[in-house]
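Peer 1: This is the structure I have questions about; it appears just below.
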Amino acid sequence: MKLQDTIGYKAVNAWFLSKNISPFLFQEQTWQHILNGRSGLVNAPTGYGKTFSVFLGAVIDFINRHPGDFRSRSENGLQLVWITPLRALAKDIARAMEEVIAELGLQWKVGIRNGDTPTGERQRQKQRMPEALIITPESMHLLLAQKGYPLLFDSLRIIAVDEWHELLGGKRGVQVELAITRLMGLRKTSATKKPVPLSIWGISATIGNIDQAMQVLLSPLQLTGGKPSQGKLVRAAINKKIQIESIFPDEIEKYPWAGHLGLKLIDKVVPIIQNSKTTLLFINTRGMSERWYQALLDQSEDLAGAIALHHGSIDRETRVWVEEALHSGALKAVVCTASLDLGVDFRPVETVIQVGSPKGVARFLQRAGRSGHRPGETSKIYFLPTHSLELAEAAALKEAKDINFIESREPFLLCFDVLIQYLCTLAISDGFRPEEILPEVRSAYCFSEIADEEWQEILYFITTGGNALQQYDEFRKVEKIDGLYKITSRKIAMRHRMHIGVIVSDPMLKVKFLSGGYIGMIEEYFIARLQPGDAFTLSGRNLEFIMIKDMTVIVRKSNASQSIVPSWNGGRLPLSSNLGAMLRKKFNEAAASLEQGKKHADKEIRVLEPLFALQRRLSYIPKEQELLIEHIETRDGYHLFVYPFEGRLVHEALAALLAYRLSRITPISFSFAMNDYGLELLSDQPIPLDDSNAAELFSADHLLADIRHSVNSAEMAKRKFRDIAVIGGLIFQGYPGEYKKARHLQSSASLLFQVFNEYDQQNLLLRQAFNEVMEQQMEERRLRDMLTRIGKSRIVITYPQQLTPFCFPLKVDSLRENLSSEKLEDRVKRMQEQLAR
């Protein structure tokens, strides 16, 4: 059937013409594939209608199936499930869908289902499903936990997964995979004579492994005879214009250090805000976003009432208000974190400011796309460095954009904790038969290689608690009744429903005024450090801590001149391998420009020329295929600085690995420091690394064995096991308002870890904990790739007589642990003055 000949296309095209616009070619291509019953993935720039490419495809298909009465038909059952990773996206997507539905005269209803959906609305959805349902992965699994859930999906035609690049490479992506396998599996076991065909469509920004991303999403097609390899990748042939500008300090520090420069450039930020209709300031951490919000108000009183703060710990009503104010153009600026990263359409936004390193090319371009959110408009983003060397990252980001050098997201494999949770979810509703569910599970990319023995162990585990826990009733959750695996205990079922999900973080406490009114959320570990009377900042307000009552932090307004800015766990992302590679390229070019006496093409590198000249005079500037190592002796001891430019997690693992390998040469102890550019080993005796043994010390040979010796992998696995145990349902986190404290959860996890280690060493969850430490925390694959690269490179060892521009940030980071912010700044100034003499 040719798209343009259909009544559905004509109706939708007429709607486009009424707006004086035309559909893009990639949208029409997607609609044609949907009419042909195909599945695939849409890849298009932000602001060009990716949502309409799938949503209007579903609408066109519906109109074509009901040409005579498509405007009068109501209660059509669920037609489209729209899975989105963020609650903040749901309202915006629903608004766009409802506008089209109303103007086309359809009787469709659009529903939202996530943690914010009221109970009454959920009950109404259960009795009458909307035609389009926007849902998070967690709420999708909660639907699967309802009795009789297959009937809800009987009429479903399309599963759309929005922002698939964000879900891929995480356990929420695995949740999505499993949910899709169940919906596809229902088509095989449908009681109707002719099951409704079901298509899968992903929507994604550009990632390095876009083809693999599509294969992962479409893997369940094999359940109904389809082939994932036949999926349609629809790319928009649109070159989104992105303008990147750097904000330069008046004076370039030759001895830079992280964190202090950003706020000193605030006087250059205010004019940008004032000259733009609306500006988003992206800050990497929630704590720094609180500081920036206060600093902007202090800098310009005119901004009072015109700027707002948005991050994940702010009260939901406040966040919704900020989002609505952004839509209406009522705000001049919003200081935000990753909470506004994804596809919310804030059209009044003209400008984006990225404060500090975005840590990755894809993240930077995603944030740039928040501005100019209309076809044909240019996205404008400013890069504001938090120390002068970060200007080199701005140059690296510009070139990465030009050559489309985007990071990949590697899919997770064999997440047994997610699978255990999923099987218990099915056991709560209608139960499951292993012989029916196993082929479905294997159709998911994550579990395509699951062995029969592993599957049997999981069944044994959920029914008996496994070898180590079979004496305890609470771990025997699932019963086997005539071949049907089912949870019959109401208590176990209720506990499981309350904790469906894979996002595990420290317990969050609500923050509430003594006089009433919620402010936001704060992590338990931060509040535990405070004494009554202490002042802290949240949601842009100075608050005085009074007490904790019923898992709620009670506060009053504070007039204290000094307040503590909260730090939230997980705030520091590592530098991506792509951005690291581009940085090495820029340093290579900087060295060549100095050697040839030429001006570099990038303004950022030209501005940094005094810093690079000093680095070259004191030590060396490493080229792309070189590794720089600096030996420096100070009154603190003997320093070894290494610069791989591979991100802090890889550098942390490398520091431990080098320390272990050096200790085999001679008994020696070290303290470590690392940042995204390099690492420092500090000892009280000379460090035995030179040209004779450098290649061996950086070898990838015997890497796994040496890592296990170099770090306390058991202790790291124990902490990782806590999250796995929570997801797998081994640890109950408590009822609402009575959540267990983090230390109690860790204690419970440590006890289980010890039991498995002693009595069930082959336990799948135990094995998974060690694997996740290696793959995620130690980034073993990236570490191995780096060592392989170093093995092919030239190692340059220098012996500077003083600290260099490259090592100075590392030296400062090593001081942070023992000094307050004020004392650290004084100490750094003295060090800079001494080095400048």
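How things are named: the first chain in the structure tokens is A, the next is B, and so on; residues count from 1 in each chain; ligands count from 1 in the order shown.
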Select from range 191-272 of chain A every residue with an atom at most 10 Å from any atom of range 155-159 of chain A, then for each give the shortest pair of atoms and their distance in Å to one decimal, using only C-alpha atoms, rows by chain and rising number, as a Markdown table.
Peer 2:
| residue | atom | partner | partner_atom | distance |
| --- | --- | --- | --- | --- |
| A:Pro195 | CA | A:Ser155 | CA | 8.7 |
| A:Val196 | CA | A:Ser155 | CA | 6.4 |
| A:Pro197 | CA | A:Arg157 | CA | 6.2 |
| A:Leu198 | CA | A:Arg157 | CA | 4.7 |
| A:Ser199 | CA | A:Ile158 | CA | 4.8 |
| A:Ile200 | CA | A:Ile159 | CA | 4.9 |
| A:Trp201 | CA | A:Ile159 | CA | 6.2 |
| A:Gly202 | CA | A:Ile159 | CA | 8.3 |
Peer 1: Find the residues around Gln802 in chain A up to 9 Å (only C-alpha atoms counted), leave out those fewer than 5 positions away in its own chain, and share them as a list in words.
Peer 2: Leu618, Ile632, Glu633, Thr634 and Leu835 of chain A
Peer 1: Write the residues of the preceding selection, restricted to all heavy atoms, as a tab-separated table (two decimals), in the first residue's frame.
Peer 2:
chain	number	residue	atom	x	y	z
A	618	LEU	N	59.01	23.07	30.98
A	618	LEU	CA	59.28	22.34	32.23
A	618	LEU	C	59.33	20.83	32.03
A	618	LEU	O	60.03	20.12	32.75
A	618	LEU	CB	58.21	22.67	33.27
A	618	LEU	CG	58.15	24.12	33.77
A	618	LEU	CD1	56.97	24.30	34.72
A	618	LEU	CD2	59.45	24.50	34.46
A	632	ILE	N	58.49	13.84	39.86
A	632	ILE	CA	58.76	15.12	40.51
A	632	ILE	C	58.94	14.88	42.02
A	632	ILE	O	58.14	14.17	42.64
A	632	ILE	CB	57.61	16.13	40.28
A	632	ILE	CG1	57.41	16.37	38.77
A	632	ILE	CG2	57.90	17.45	40.99
A	632	ILE	CD1	56.25	17.29	38.44
A	633	GLU	N	59.99	15.48	42.57
A	633	GLU	CA	60.22	15.37	44.01
A	633	GLU	C	59.89	16.72	44.66
A	633	GLU	O	60.35	17.77	44.21
A	633	GLU	CB	61.68	15.00	44.30
A	633	GLU	CG	61.96	14.81	45.78
A	633	GLU	CD	63.42	14.48	46.06
A	633	GLU	OE1	64.20	14.29	45.08
A	633	GLU	OE2	63.79	14.42	47.26
A	634	THR	N	59.05	16.68	45.70
A	634	THR	CA	58.72	17.88	46.49
A	634	THR	C	58.91	17.54	47.96
A	634	THR	O	59.27	16.40	48.31
A	634	THR	CB	57.27	18.34	46.26
A	634	THR	OG1	56.37	17.39	46.86
A	634	THR	CG2	56.94	18.46	44.78
A	835	LEU	N	55.42	28.94	42.39
A	835	LEU	CA	55.81	28.36	41.10
A	835	LEU	C	56.07	29.44	40.05
A	835	LEU	O	56.84	29.23	39.10
A	835	LEU	CB	54.71	27.41	40.60
A	835	LEU	CG	54.55	26.11	41.39
A	835	LEU	CD1	53.27	25.39	41.01
A	835	LEU	CD2	55.74	25.19	41.16
Peer 1: Would you please work out which residue, of A:Gln27, A:Arg347, A:Pro130, A:Asn64, is nearest to Leu78 in chain A when using only C-alpha atoms?
Peer 2: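 So, comparing all the options, the nearest one is A:Pro130.
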Peer 1: Looking only at strand (DSSP E) from DSSP on the backbone, list the matching residues of range 316-521 of chain A as an MDAnalysis selection string.
Peer 2: chainID A and resid 333:336 351:355 379:384 479:481 484:486 508:513 518:521
Peer 1: Which residues are close to Phe612 in chain A, i.e. within 8 Å by only C-alpha atoms, leaving aside same-chain residues fewer than 2 positions away? Reply as a PyMOL selection string.
Peer 2: chain A and resi 590-591+608-610+614-616+621+805
Peer 1: Given the choices A:His499, A:Arg635, A:Arg782, A:Arg291, which gets closest to Leu538 in chain A if the distance is worked out from only C-alpha atoms?
Peer 2: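 Of A:His499, A:Arg635, A:Arg782, A:Arg291, the one nearest Leu538 in chain A is A:Arg291, counting only C-alpha atoms.
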Peer 1: Quick check, in Å to one decimal: how far apart do CA of Glu28 in chain A and CA of Gly57 in chain A lie?
Peer 2: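 Separation of CA of Glu28 in chain A and CA of Gly57 in chain A: 8.4 Å.
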Peer 1: I'd like the neighbourhood of Glu407 in chain A as a count of residues only, where a residue qualifies if any of its atoms comes within 8 Å (using only C-alpha atoms), though same-chain residues fewer than 2 positions away should be ignored.
Peer 2: 11
